[in-house]
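*Asks:* Got a structure for you, written out below as structure tokens; questions coming shortly.
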2 protein chains.
Amino acid sequence: MKKIINKPENFIAEMLEGIYAAHPDQLTYANNDLHCLVSKHKVPGKVGISTGGGSGHLPLFLGYVGKGMLDGCAIGDVFQSPSAEQMFEITKEIDSGAGVLYIYGNYNGDIFNFDMAAEMADFEAEIRVESVVAGDDVASAGPANRGEKNTRRGVAGIFFVYKCAGAAAAEMMSLDEVKRVALKACDNVRTMGVGLSPCIVPRVGKPGFSIGDDEMEIGMGIHGETGIRRGKLLPADEIVDEILPQIINDLPYKSGDEVAVLINGLGGTPLEEQYVVFRRVHQILQAENISIARVYVGEYATAMEMAGLSISLLKLDDELKRLVKAQAETPFFKQFQL
Amino acid sequence: MKKIINKPENFIAEMLEGIYAAHPDQLTYANNDLHCLVSKHKVPGKVGISTGGGSGHLPLFLGYVGKGMLDGCAIGDVFQSPSAEQMFEITKEIDSGAGVLYIYGNYNGDIFNFDMAAEMADFEAEIRVESVVAGDDVASAGPANRGEKNTRRGVAGIFFVYKCAGAAAAEMMSLDEVKRVALKACDNVRTMGVGLSPCIVPRVGKPGFSIGDDEMEIGMGIHGETGIRRGKLLPADEIVDEILPQIINDLPYKSGDEVAVLINGLGGTPLEEQYVVFRRVHQILQAENISIARVYVGEYATAMEMAGLSISLLKLDDELKRLVKAQAETPFFKQFQL
């Protein structure tokens, strides 16, 4: 967990300087604030989509700003929410009259600030804003998870919400329709992960938690939040055999369903191992008669150098399938029309 | 360095099963051997390009098989060369009459086997084969590096050789012309890296070397080969200030040159840190009046969970610039026409 950084307090500003220098044709920032990232690709009359959250999860969140996906992203310090003012500045920049949709993960700081930004947009700029809070993590579902107080954390499955809503906005759907699509994606995506090692927040300088050399934690969150079971590290197939049925039974996903699958590396787990895991996921879904329309394997939502991975399923209907397969082009995610 | 695998001896076969299951429309294998990966995208009359090498470096090598890049890849066990027979089977599969170019890194096992495969292709199948050996690593350049005995290891810069040669083949250039392009890319690319931590080969089960908690090694190879200096871990900018001038002075890259840049993560170093490094590379190249036509930041050639990264520069002329910017679509690398 050694870091290639300069002063910890400059980490995110320097990362952002690197990102703007690397992608000058695609990305810029609003209000002279590096943390207010917006796409240079503008489509008049299109619904604007913004997201935001703490840093340390690349390519989440800012990596999905670009053609066919998002229009802006408010960037906080590592694992810290950006401010409502930053979110508001982005909202003004990306609105082109059709309104703005906020899509973000279910974390208290983000909810508080995005709600405040939506009020500022309404009162100060007369921009209509709608919000969709993604909470796809099965492990953090409390007893009231199907009710009003959703305790599910937003994790890697938010990628699918961005993808579908972004494609819907690119089809020039209205704000209500893009919100409907985002909610449908949220309703149909579930994720669960396993953590093997901690990560170090640069300003803190030490691991966020400790875990034994032979241990893993099923259901750990992407900031190291407590999962549902800590135990001895199991072989890959046994990990999948423990996690995937909990995902399948949660929605539930049923025989005859069609899904998109995301195997997401948390940072420190090599791509080779992610494919070993997909192999087992593929076997189980075949046995369950759940067909796979689209597969993503790689790092989509990380926790810096944390070892581990997550599995996400998105249940598809004709509309979500069309939107998942639509073309997209951001500096961090590219997909040709499938 | 905990691994999500099953039995170590099944690691690569299970990884490959996962890859074929995930990308059934794009990838398949020849001779009923999972290690003989070929593209399903066939273009009659096109020069075939094949590569190969040990596993553990995803997306290198197999990740670059697809439209606009490579046609086949022979896959060895972790850090082990595949066999000449496997290379030969791929050669027969991807030849469509225009001949086949082998592009691979400068490692003895690979050279031995690819040379034997080329002889088998000639004698047993009458397929014309040419070979280009990539050796872009500045740190391993011995005194004879500009002469016949090139000691430079092939590292992340081979990505640029694949990209340019693949685009040249897609333009339907002849075998001689595609080879000329590949050699030109080799001549104009230089790489140097820094290693911070070891990785574990699954069959071995322990780290390949040890390094102090506060140490780094400048010039380390992607299998943990000895670099040129081990010392205390420096801040990001100081690492770049040590590495980049050695790259620039090696070719040398000069004021007025135009380059493509690759910041390559070795596996355990987060994308955030890679962008902090690009920020400094950008500053230095600006000061040197070397302009940047194209930037790649991410994991392009890894060493499983090793922490560290490398910096590559490719000097561009009009032809290489056109080829670098050409469209490509593989499961692991996608680029829209720029």
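Each chain of the structure tokens is named A, B, ... in the order shown, its residues numbered from 1; ligands are numbered from 1 in display order.
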Taking only C-alpha atoms into account, what are the residues of chain A at most 6 Å from chain B, put as a list in words?

*Replies:*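 Residues satisfying the distance criterion: Ile4, Ile5, Asn6, Glu14, Met15, Gly18, Ala22, Pro235, Ala236, Gly268, Pro270, Glu272, Glu273, Tyr275, Val276, Phe278, Arg279, Val295, Met304 and Glu305 of chain A.
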
*Asks:* May I have the selected residues written with N, CA, C and O atoms, as a PDB file, in the first residue's frame?

*Replies:*
```pdb
ATOM      1  N   ILE A   4       2.264   6.460  -4.793  1.00  0.00           N
ATOM      2  CA  ILE A   4       3.040   7.350  -5.653  1.00  0.00           C
ATOM      3  C   ILE A   4       2.289   8.675  -5.705  1.00  0.00           C
ATOM      4  O   ILE A   4       1.486   8.937  -6.604  1.00  0.00           O
ATOM      5  N   ILE A   5       2.515   9.482  -4.689  1.00  0.00           N
ATOM      6  CA  ILE A   5       1.834  10.774  -4.579  1.00  0.00           C
ATOM      7  C   ILE A   5       2.856  11.809  -4.119  1.00  0.00           C
ATOM      8  O   ILE A   5       3.994  11.474  -3.776  1.00  0.00           O
ATOM      9  N   ASN A   6       2.420  13.066  -4.112  1.00  0.00           N
ATOM     10  CA  ASN A   6       3.223  14.117  -3.499  1.00  0.00           C
ATOM     11  C   ASN A   6       2.627  14.370  -2.114  1.00  0.00           C
ATOM     12  O   ASN A   6       2.398  13.419  -1.383  1.00  0.00           O
ATOM     13  N   GLU A  14      -4.008  17.428  -7.681  1.00  0.00           N
ATOM     14  CA  GLU A  14      -3.001  17.010  -8.667  1.00  0.00           C
ATOM     15  C   GLU A  14      -3.515  15.914  -9.588  1.00  0.00           C
ATOM     16  O   GLU A  14      -3.195  15.875 -10.773  1.00  0.00           O
ATOM     17  N   MET A  15      -4.320  15.018  -9.015  1.00  0.00           N
ATOM     18  CA  MET A  15      -4.959  14.008  -9.867  1.00  0.00           C
ATOM     19  C   MET A  15      -5.832  14.692 -10.918  1.00  0.00           C
ATOM     20  O   MET A  15      -5.783  14.349 -12.106  1.00  0.00           O
ATOM     21  N   GLY A  18      -3.933  16.284 -13.648  1.00  0.00           N
ATOM     22  CA  GLY A  18      -3.519  15.250 -14.589  1.00  0.00           C
ATOM     23  C   GLY A  18      -4.644  14.844 -15.526  1.00  0.00           C
ATOM     24  O   GLY A  18      -4.439  14.659 -16.729  1.00  0.00           O
ATOM     25  N   ALA A  22      -4.725  15.350 -19.539  1.00  0.00           N
ATOM     26  CA  ALA A  22      -4.746  14.148 -20.385  1.00  0.00           C
ATOM     27  C   ALA A  22      -5.910  14.142 -21.361  1.00  0.00           C
ATOM     28  O   ALA A  22      -5.822  13.539 -22.428  1.00  0.00           O
ATOM     29  N   PRO A 235     -11.499 -20.430  -1.737  1.00  0.00           N
ATOM     30  CA  PRO A 235     -11.213 -20.455  -3.173  1.00  0.00           C
ATOM     31  C   PRO A 235     -12.257 -19.633  -3.949  1.00  0.00           C
ATOM     32  O   PRO A 235     -13.374 -19.426  -3.476  1.00  0.00           O
ATOM     33  N   ALA A 236     -11.870 -19.205  -5.145  1.00  0.00           N
ATOM     34  CA  ALA A 236     -12.714 -18.322  -5.956  1.00  0.00           C
ATOM     35  C   ALA A 236     -14.121 -18.882  -6.134  1.00  0.00           C
ATOM     36  O   ALA A 236     -15.112 -18.161  -5.942  1.00  0.00           O
ATOM     37  N   GLY A 268      -6.874  -3.771  -6.104  1.00  0.00           N
ATOM     38  CA  GLY A 268      -5.683  -4.592  -5.899  1.00  0.00           C
ATOM     39  C   GLY A 268      -5.802  -6.028  -6.397  1.00  0.00           C
ATOM     40  O   GLY A 268      -4.849  -6.791  -6.287  1.00  0.00           O
ATOM     41  N   PRO A 270      -6.054  -8.575  -9.465  1.00  0.00           N
ATOM     42  CA  PRO A 270      -5.764  -8.555 -10.903  1.00  0.00           C
ATOM     43  C   PRO A 270      -6.945  -8.984 -11.771  1.00  0.00           C
ATOM     44  O   PRO A 270      -7.823  -9.738 -11.326  1.00  0.00           O
ATOM     45  N   GLU A 272      -6.902 -11.036 -14.146  1.00  0.00           N
ATOM     46  CA  GLU A 272      -6.913 -12.495 -14.306  1.00  0.00           C
ATOM     47  C   GLU A 272      -7.883 -13.148 -13.322  1.00  0.00           C
ATOM     48  O   GLU A 272      -8.644 -14.047 -13.677  1.00  0.00           O
ATOM     49  N   GLU A 273      -7.828 -12.701 -12.072  1.00  0.00           N
ATOM     50  CA  GLU A 273      -8.680 -13.297 -11.042  1.00  0.00           C
ATOM     51  C   GLU A 273     -10.148 -12.931 -11.268  1.00  0.00           C
ATOM     52  O   GLU A 273     -11.051 -13.729 -10.974  1.00  0.00           O
ATOM     53  N   TYR A 275     -11.566 -12.714 -14.083  1.00  0.00           N
ATOM     54  CA  TYR A 275     -12.086 -13.640 -15.091  1.00  0.00           C
ATOM     55  C   TYR A 275     -12.299 -15.040 -14.527  1.00  0.00           C
ATOM     56  O   TYR A 275     -13.204 -15.755 -14.961  1.00  0.00           O
ATOM     57  N   VAL A 276     -11.473 -15.452 -13.581  1.00  0.00           N
ATOM     58  CA  VAL A 276     -11.715 -16.726 -12.899  1.00  0.00           C
ATOM     59  C   VAL A 276     -13.081 -16.674 -12.202  1.00  0.00           C
ATOM     60  O   VAL A 276     -13.870 -17.632 -12.246  1.00  0.00           O
ATOM     61  N   PHE A 278     -15.605 -14.641 -13.096  1.00  0.00           N
ATOM     62  CA  PHE A 278     -16.682 -14.615 -14.098  1.00  0.00           C
ATOM     63  C   PHE A 278     -16.997 -16.023 -14.597  1.00  0.00           C
ATOM     64  O   PHE A 278     -18.161 -16.367 -14.856  1.00  0.00           O
ATOM     65  N   ARG A 279     -15.951 -16.839 -14.749  1.00  0.00           N
ATOM     66  CA  ARG A 279     -16.159 -18.230 -15.183  1.00  0.00           C
ATOM     67  C   ARG A 279     -17.197 -18.929 -14.312  1.00  0.00           C
ATOM     68  O   ARG A 279     -18.125 -19.585 -14.806  1.00  0.00           O
ATOM     69  N   VAL A 295     -21.501  -8.561 -20.841  1.00  0.00           N
ATOM     70  CA  VAL A 295     -20.568  -8.798 -19.736  1.00  0.00           C
ATOM     71  C   VAL A 295     -19.551  -7.659 -19.648  1.00  0.00           C
ATOM     72  O   VAL A 295     -18.989  -7.252 -20.676  1.00  0.00           O
ATOM     73  N   MET A 304      -9.333   2.508  -4.271  1.00  0.00           N
ATOM     74  CA  MET A 304      -7.887   2.666  -4.410  1.00  0.00           C
ATOM     75  C   MET A 304      -7.195   1.301  -4.513  1.00  0.00           C
ATOM     76  O   MET A 304      -7.466   0.563  -5.439  1.00  0.00           O
ATOM     77  N   GLU A 305      -6.345   0.959  -3.569  1.00  0.00           N
ATOM     78  CA  GLU A 305      -5.560  -0.269  -3.702  1.00  0.00           C
ATOM     79  C   GLU A 305      -6.189  -1.464  -2.975  1.00  0.00           C
ATOM     80  O   GLU A 305      -5.545  -2.501  -2.804  1.00  0.00           O
TER      81      GLU A 305
END
```

*Asks:* Please provide as a list of chain:residue names all residues within 12 Å of Lys42 (chain B), with the sequence filter that same-chain residues fewer than 3 positions apart are discarded (counting only C-alpha atoms).

*Replies:*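 Returned residues: B:Gln26, B:Leu27, B:Thr28, B:Val38, B:Ser39, B:Gly45, B:Lys46, B:Val47, B:Gly48, B:Ile49, B:Val65, B:Gly66, B:Lys67, B:Gly68, B:Met69, B:Leu70, B:Asp71, B:Gly72, B:Glu93, B:Ile94, B:Asp95, B:Ser96, B:Ala169, B:Ala170.
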
*Asks:* Would you export the selected residues with all heavy atoms as a short mmCIF file (atom, residue, chain, number, x, y, z; two decimals), in the first residue's frame, please?

*Replies:*
```
data_model
loop_
_atom_site.label_atom_id
_atom_site.label_comp_id
_atom_site.auth_asym_id
_atom_site.auth_seq_id
_atom_site.Cartn_x
_atom_site.Cartn_y
_atom_site.Cartn_z
N GLN B 26 -16.28 -12.33 -29.88
CA GLN B 26 -15.03 -11.73 -30.36
C GLN B 26 -13.84 -12.68 -30.36
O GLN B 26 -12.97 -12.57 -31.20
CB GLN B 26 -14.70 -10.50 -29.48
CG GLN B 26 -15.71 -9.37 -29.63
CD GLN B 26 -15.55 -8.32 -28.55
OE1 GLN B 26 -15.99 -8.48 -27.42
NE2 GLN B 26 -14.87 -7.24 -28.90
N LEU B 27 -13.82 -13.61 -29.40
CA LEU B 27 -12.63 -14.45 -29.24
C LEU B 27 -12.97 -15.93 -29.30
O LEU B 27 -14.01 -16.36 -28.81
CB LEU B 27 -11.96 -14.14 -27.89
CG LEU B 27 -11.49 -12.71 -27.66
CD1 LEU B 27 -10.97 -12.55 -26.24
CD2 LEU B 27 -10.42 -12.31 -28.67
N THR B 28 -12.06 -16.71 -29.88
CA THR B 28 -12.17 -18.15 -29.82
C THR B 28 -10.75 -18.73 -29.79
O THR B 28 -9.80 -17.96 -29.61
CB THR B 28 -13.00 -18.70 -31.00
OG1 THR B 28 -13.19 -20.11 -30.80
CG2 THR B 28 -12.31 -18.46 -32.33
N VAL B 38 -7.52 -16.74 -30.77
CA VAL B 38 -7.59 -16.03 -32.06
C VAL B 38 -8.86 -15.18 -32.10
O VAL B 38 -9.85 -15.44 -31.41
CB VAL B 38 -7.58 -17.00 -33.26
CG1 VAL B 38 -6.25 -17.73 -33.36
CG2 VAL B 38 -8.73 -18.01 -33.17
N SER B 39 -8.79 -14.15 -32.93
CA SER B 39 -9.94 -13.26 -33.12
C SER B 39 -10.97 -13.92 -33.99
O SER B 39 -10.63 -14.64 -34.94
CB SER B 39 -9.46 -11.97 -33.77
OG SER B 39 -10.55 -11.11 -34.01
N GLY B 45 -7.37 -11.64 -46.89
CA GLY B 45 -6.28 -10.92 -47.55
C GLY B 45 -5.46 -10.04 -46.65
O GLY B 45 -4.44 -9.47 -47.07
N LYS B 46 -5.90 -9.88 -45.38
CA LYS B 46 -5.16 -9.04 -44.43
C LYS B 46 -3.96 -9.81 -43.88
O LYS B 46 -4.05 -11.01 -43.64
CB LYS B 46 -6.08 -8.63 -43.29
CG LYS B 46 -5.48 -7.59 -42.34
CD LYS B 46 -6.41 -7.27 -41.17
CE LYS B 46 -6.25 -8.26 -40.03
NZ LYS B 46 -4.95 -8.18 -39.34
N VAL B 47 -2.86 -9.11 -43.67
CA VAL B 47 -1.72 -9.69 -42.95
C VAL B 47 -2.19 -10.09 -41.55
O VAL B 47 -2.85 -9.30 -40.87
CB VAL B 47 -0.57 -8.67 -42.86
CG1 VAL B 47 0.51 -9.14 -41.89
CG2 VAL B 47 0.00 -8.40 -44.24
N GLY B 48 -1.87 -11.28 -41.14
CA GLY B 48 -2.19 -11.70 -39.78
C GLY B 48 -1.10 -11.25 -38.81
O GLY B 48 0.09 -11.28 -39.15
N ILE B 49 -1.49 -10.84 -37.63
CA ILE B 49 -0.49 -10.46 -36.61
C ILE B 49 -0.74 -11.31 -35.37
O ILE B 49 -1.85 -11.38 -34.87
CB ILE B 49 -0.57 -8.97 -36.24
CG1 ILE B 49 -0.45 -8.09 -37.48
CG2 ILE B 49 0.54 -8.62 -35.24
CD1 ILE B 49 -0.50 -6.60 -37.18
N VAL B 65 -6.04 -8.54 -28.94
CA VAL B 65 -6.54 -9.29 -30.10
C VAL B 65 -7.95 -8.80 -30.42
O VAL B 65 -8.85 -8.86 -29.57
CB VAL B 65 -6.56 -10.81 -29.81
CG1 VAL B 65 -7.23 -11.57 -30.97
CG2 VAL B 65 -5.14 -11.33 -29.58
N GLY B 66 -8.11 -8.30 -31.63
CA GLY B 66 -9.42 -7.79 -32.05
C GLY B 66 -9.28 -6.84 -33.22
O GLY B 66 -8.18 -6.66 -33.76
N LYS B 67 -10.38 -6.23 -33.58
CA LYS B 67 -10.43 -5.35 -34.76
C LYS B 67 -9.41 -4.22 -34.68
O LYS B 67 -9.36 -3.48 -33.71
CB LYS B 67 -11.81 -4.70 -34.88
CG LYS B 67 -12.89 -5.61 -35.36
CD LYS B 67 -14.19 -4.79 -35.56
CE LYS B 67 -15.39 -5.69 -35.56
NZ LYS B 67 -16.66 -4.95 -35.55
N GLY B 68 -8.61 -4.10 -35.72
CA GLY B 68 -7.65 -3.00 -35.79
C GLY B 68 -6.38 -3.24 -35.02
O GLY B 68 -5.51 -2.37 -34.96
N MET B 69 -6.24 -4.42 -34.40
CA MET B 69 -5.01 -4.71 -33.67
C MET B 69 -4.49 -6.11 -34.05
O MET B 69 -4.07 -6.32 -35.17
CB MET B 69 -5.19 -4.50 -32.17
CG MET B 69 -5.39 -3.01 -31.85
SD MET B 69 -5.33 -2.57 -30.09
CE MET B 69 -3.57 -2.52 -29.75
N LEU B 70 -4.55 -7.08 -33.16
CA LEU B 70 -3.92 -8.37 -33.41
C LEU B 70 -4.95 -9.44 -33.79
O LEU B 70 -6.15 -9.29 -33.53
CB LEU B 70 -3.16 -8.83 -32.16
CG LEU B 70 -2.23 -7.79 -31.53
CD1 LEU B 70 -1.58 -8.36 -30.27
CD2 LEU B 70 -1.16 -7.33 -32.51
N ASP B 71 -4.44 -10.53 -34.37
CA ASP B 71 -5.32 -11.62 -34.80
C ASP B 71 -5.19 -12.86 -33.94
O ASP B 71 -6.08 -13.71 -33.96
CB ASP B 71 -5.00 -11.97 -36.26
CG ASP B 71 -5.18 -10.77 -37.16
OD1 ASP B 71 -6.34 -10.41 -37.43
OD2 ASP B 71 -4.17 -10.15 -37.53
N GLY B 72 -4.10 -13.00 -33.22
CA GLY B 72 -3.92 -14.18 -32.39
C GLY B 72 -2.92 -13.95 -31.29
O GLY B 72 -2.11 -13.01 -31.33
N GLU B 93 -4.05 -20.66 -38.31
CA GLU B 93 -5.43 -20.19 -38.18
C GLU B 93 -5.61 -18.77 -38.71
O GLU B 93 -6.65 -18.44 -39.28
CB GLU B 93 -5.85 -20.25 -36.70
CG GLU B 93 -7.28 -19.94 -36.43
CD GLU B 93 -8.25 -20.99 -36.96
OE1 GLU B 93 -7.84 -22.16 -37.09
OE2 GLU B 93 -9.40 -20.63 -37.25
N ILE B 94 -4.61 -17.93 -38.51
CA ILE B 94 -4.80 -16.50 -38.85
C ILE B 94 -4.24 -16.12 -40.20
O ILE B 94 -4.48 -15.01 -40.68
CB ILE B 94 -4.22 -15.56 -37.77
CG1 ILE B 94 -2.68 -15.63 -37.75
CG2 ILE B 94 -4.80 -15.88 -36.39
CD1 ILE B 94 -2.04 -14.60 -36.82
N ASP B 95 -3.49 -17.02 -40.84
CA ASP B 95 -2.97 -16.66 -42.17
C ASP B 95 -4.10 -16.73 -43.19
O ASP B 95 -4.85 -17.70 -43.23
CB ASP B 95 -1.86 -17.62 -42.58
CG ASP B 95 -1.37 -17.33 -43.99
OD1 ASP B 95 -0.97 -16.17 -44.24
OD2 ASP B 95 -1.41 -18.23 -44.85
N SER B 96 -4.22 -15.68 -43.98
CA SER B 96 -5.21 -15.73 -45.06
C SER B 96 -4.53 -15.51 -46.40
O SER B 96 -5.13 -14.99 -47.34
CB SER B 96 -6.32 -14.71 -44.82
OG SER B 96 -5.82 -13.40 -44.96
N ALA B 169 -2.00 -3.14 -40.72
CA ALA B 169 -2.59 -4.35 -41.33
C ALA B 169 -4.04 -4.10 -41.71
O ALA B 169 -4.50 -4.56 -42.76
CB ALA B 169 -2.46 -5.53 -40.36
N ALA B 170 -4.75 -3.37 -40.84
CA ALA B 170 -6.16 -3.07 -41.14
C ALA B 170 -6.29 -2.18 -42.37
O ALA B 170 -7.32 -2.19 -43.04
CB ALA B 170 -6.82 -2.40 -39.94
#
```

*Asks:* If you run DSSP over the backbone, which residues in region 148-210 of chain A end up strand (DSSP E)? Put them as a PyMOL selection string.

*Replies:* chain A and resi 189-195

*Asks:* Would you write out those residues with C-alpha atoms, as a CSV table (one decimal), in the first residue's frame?

*Replies:*
```csv
chain,number,residue,atom,x,y,z
A,189,VAL,CA,-29.5,-4.0,-10.3
A,190,ARG,CA,-28.0,-5.8,-7.3
A,191,THR,CA,-24.4,-6.1,-6.2
A,192,MET,CA,-22.4,-7.8,-3.6
A,193,GLY,CA,-18.6,-7.9,-3.0
A,194,VAL,CA,-15.8,-9.3,-1.0
A,195,GLY,CA,-12.9,-7.4,0.5
```

*Asks:* Set the distance at 9 Å and use only C-alpha atoms: which residues neighbour Val178 (chain A) once local chain neighbours fewer than 6 positions away are removed? I'd like the list as a ChimeraX atom specification.

*Replies:* /A:47,101,164-169,172

*Asks:* Produce a file of the selected residues containing N, CA, C and O atoms, as a compact mmCIF listing (two decimals), in the first residue's frame.

*Replies:*
```
# COMPACT_ATOMS: atom_id res chain seq x y z
N VAL A 47 -31.44 16.41 -21.74
CA VAL A 47 -31.44 16.41 -20.27
C VAL A 47 -29.99 16.28 -19.79
O VAL A 47 -29.23 15.44 -20.29
N LEU A 101 -30.83 15.72 -14.12
CA LEU A 101 -31.05 14.58 -13.24
C LEU A 101 -29.77 14.32 -12.45
O LEU A 101 -28.69 14.21 -13.02
N CYS A 164 -27.60 3.34 -18.54
CA CYS A 164 -28.97 3.33 -19.07
C CYS A 164 -29.54 4.75 -19.12
O CYS A 164 -30.13 5.15 -20.14
N ALA A 165 -29.37 5.51 -18.05
CA ALA A 165 -29.91 6.87 -18.03
C ALA A 165 -29.18 7.74 -19.05
O ALA A 165 -29.80 8.57 -19.73
N GLY A 166 -27.88 7.55 -19.15
CA GLY A 166 -27.10 8.33 -20.12
C GLY A 166 -27.54 8.06 -21.54
O GLY A 166 -27.68 8.99 -22.36
N ALA A 167 -27.80 6.80 -21.85
CA ALA A 167 -28.27 6.46 -23.20
C ALA A 167 -29.68 6.99 -23.43
O ALA A 167 -30.01 7.42 -24.55
N ALA A 168 -30.49 6.98 -22.38
CA ALA A 168 -31.86 7.52 -22.51
C ALA A 168 -31.81 9.02 -22.80
O ALA A 168 -32.53 9.53 -23.66
N ALA A 169 -30.95 9.73 -22.09
CA ALA A 169 -30.81 11.18 -22.34
C ALA A 169 -30.27 11.43 -23.74
O ALA A 169 -30.72 12.36 -24.43
N MET A 172 -32.67 11.67 -26.31
CA MET A 172 -33.47 12.89 -26.16
C MET A 172 -34.80 12.65 -25.45
O MET A 172 -35.78 13.36 -25.66
```

*Asks:* Using DSSP on the backbone, list every residue of region 39-262 of chain A that comes out as helix (DSSP H, G or I), and give them as a ChimeraX atom specification.

*Replies:* /A:62-64,84-94,108-125,158-170,175-188,236-250

*Asks:* Quick one: everything within 10 Å of Ser131 (chain B), counting only C-alpha atoms, minus sequence neighbours fewer than 2 positions away in the same chain. Send it as a tab-separated table (two decimals) with N, CA and C atoms, in the first residue's frame.

*Replies:*
```
chain	number	residue	atom	x	y	z
B	49	ILE	N	-1.49	-10.84	-37.63
B	49	ILE	CA	-0.49	-10.46	-36.61
B	49	ILE	C	-0.74	-11.31	-35.37
B	50	SER	N	0.32	-11.94	-34.92
B	50	SER	CA	0.21	-12.75	-33.71
B	50	SER	C	1.23	-12.31	-32.67
B	51	THR	N	0.87	-12.52	-31.44
B	51	THR	CA	1.79	-12.26	-30.35
B	51	THR	C	1.71	-13.44	-29.38
B	100	VAL	N	2.13	-13.70	-42.07
B	100	VAL	CA	1.89	-13.43	-40.65
B	100	VAL	C	3.10	-12.73	-40.04
B	101	LEU	N	2.82	-11.73	-39.23
B	101	LEU	CA	3.87	-11.04	-38.49
B	101	LEU	C	3.78	-11.40	-37.02
B	102	TYR	N	4.91	-11.83	-36.45
B	102	TYR	CA	4.99	-12.05	-35.00
B	102	TYR	C	5.54	-10.79	-34.35
B	103	ILE	N	4.86	-10.31	-33.34
B	103	ILE	CA	5.37	-9.19	-32.54
B	103	ILE	C	5.37	-9.65	-31.09
B	104	TYR	N	6.53	-9.64	-30.46
B	104	TYR	CA	6.58	-10.11	-29.07
B	104	TYR	C	7.74	-9.44	-28.36
B	111	ILE	N	11.62	-15.76	-27.74
B	111	ILE	CA	12.40	-15.70	-28.98
B	111	ILE	C	12.64	-17.11	-29.52
B	114	PHE	N	9.18	-18.57	-30.74
B	114	PHE	CA	8.64	-17.93	-31.95
B	114	PHE	C	9.52	-18.22	-33.17
B	115	ASP	N	10.83	-18.30	-32.97
B	115	ASP	CA	11.71	-18.66	-34.09
B	115	ASP	C	11.40	-20.07	-34.59
B	118	ALA	N	8.16	-20.03	-36.49
B	118	ALA	CA	8.33	-19.45	-37.83
B	118	ALA	C	8.89	-20.49	-38.79
B	129	VAL	N	6.39	-15.93	-42.64
B	129	VAL	CA	6.32	-15.29	-41.32
B	129	VAL	C	7.49	-14.33	-41.17
B	133	VAL	N	10.84	-8.05	-32.69
B	133	VAL	CA	11.03	-8.22	-31.25
B	133	VAL	C	11.08	-6.85	-30.59
B	134	ALA	N	10.12	-6.61	-29.70
B	134	ALA	CA	10.03	-5.29	-29.05
B	134	ALA	C	10.90	-5.26	-27.80
B	179	LYS	N	5.55	-4.95	-41.30
B	179	LYS	CA	6.79	-5.15	-40.54
B	179	LYS	C	7.58	-3.84	-40.43
B	182	ALA	N	5.96	-1.79	-37.78
B	182	ALA	CA	6.23	-2.33	-36.44
B	182	ALA	C	7.65	-1.99	-35.99
B	183	LEU	N	8.59	-2.12	-36.92
B	183	LEU	CA	9.98	-1.78	-36.59
B	183	LEU	C	10.12	-0.30	-36.29
```

*Asks:* Would you list the contacts of Lys321 (chain B) as a ChimeraX atom specification, taking every protein, DNA or RNA residue within 9 Å and counting only C-alpha atoms, but skipping same-chain residues closer than 6 positions in sequence?

*Replies:* /B:164,258-260,293-294,315

*Asks:* Excluding region 150-162 of chain B and its own-chain neighbours fewer than 4 positions away, which residues fall within 6 Å of it when counting only C-alpha atoms? Please give them as a ChimeraX atom specification.

*Replies:* /B:105-106,134-137,140-142,145,166,182,185,301,312

*Asks:* To one decimal in Å, tell me the separation between CA of Ser81 (chain B) and CA of Cys186 (chain B).

*Replies:*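 Going from CA of Ser81 (chain B) over to CA of Cys186 (chain B), I get 21.0 Å.
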
*Asks:* Measuring between only C-alpha atoms, which one of B:Leu262, B:Ile228, B:Leu62, B:Ile311 shows the shortest distance to Asp241 (chain B)?

*Replies:*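 Looking at the shortest contact to Asp241 (chain B), the residue is B:Ile311.
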
*Asks:* Can you list, as a list in words, every protein, DNA or RNA residue that comes within 7 Å of Pro198 (chain B) when you count only C-alpha atoms, leaving out same-chain residues fewer than 4 positions away?

*Replies:* Pro207, Gly208, Phe209, Ser210, Gly224 and Met306 of chain B
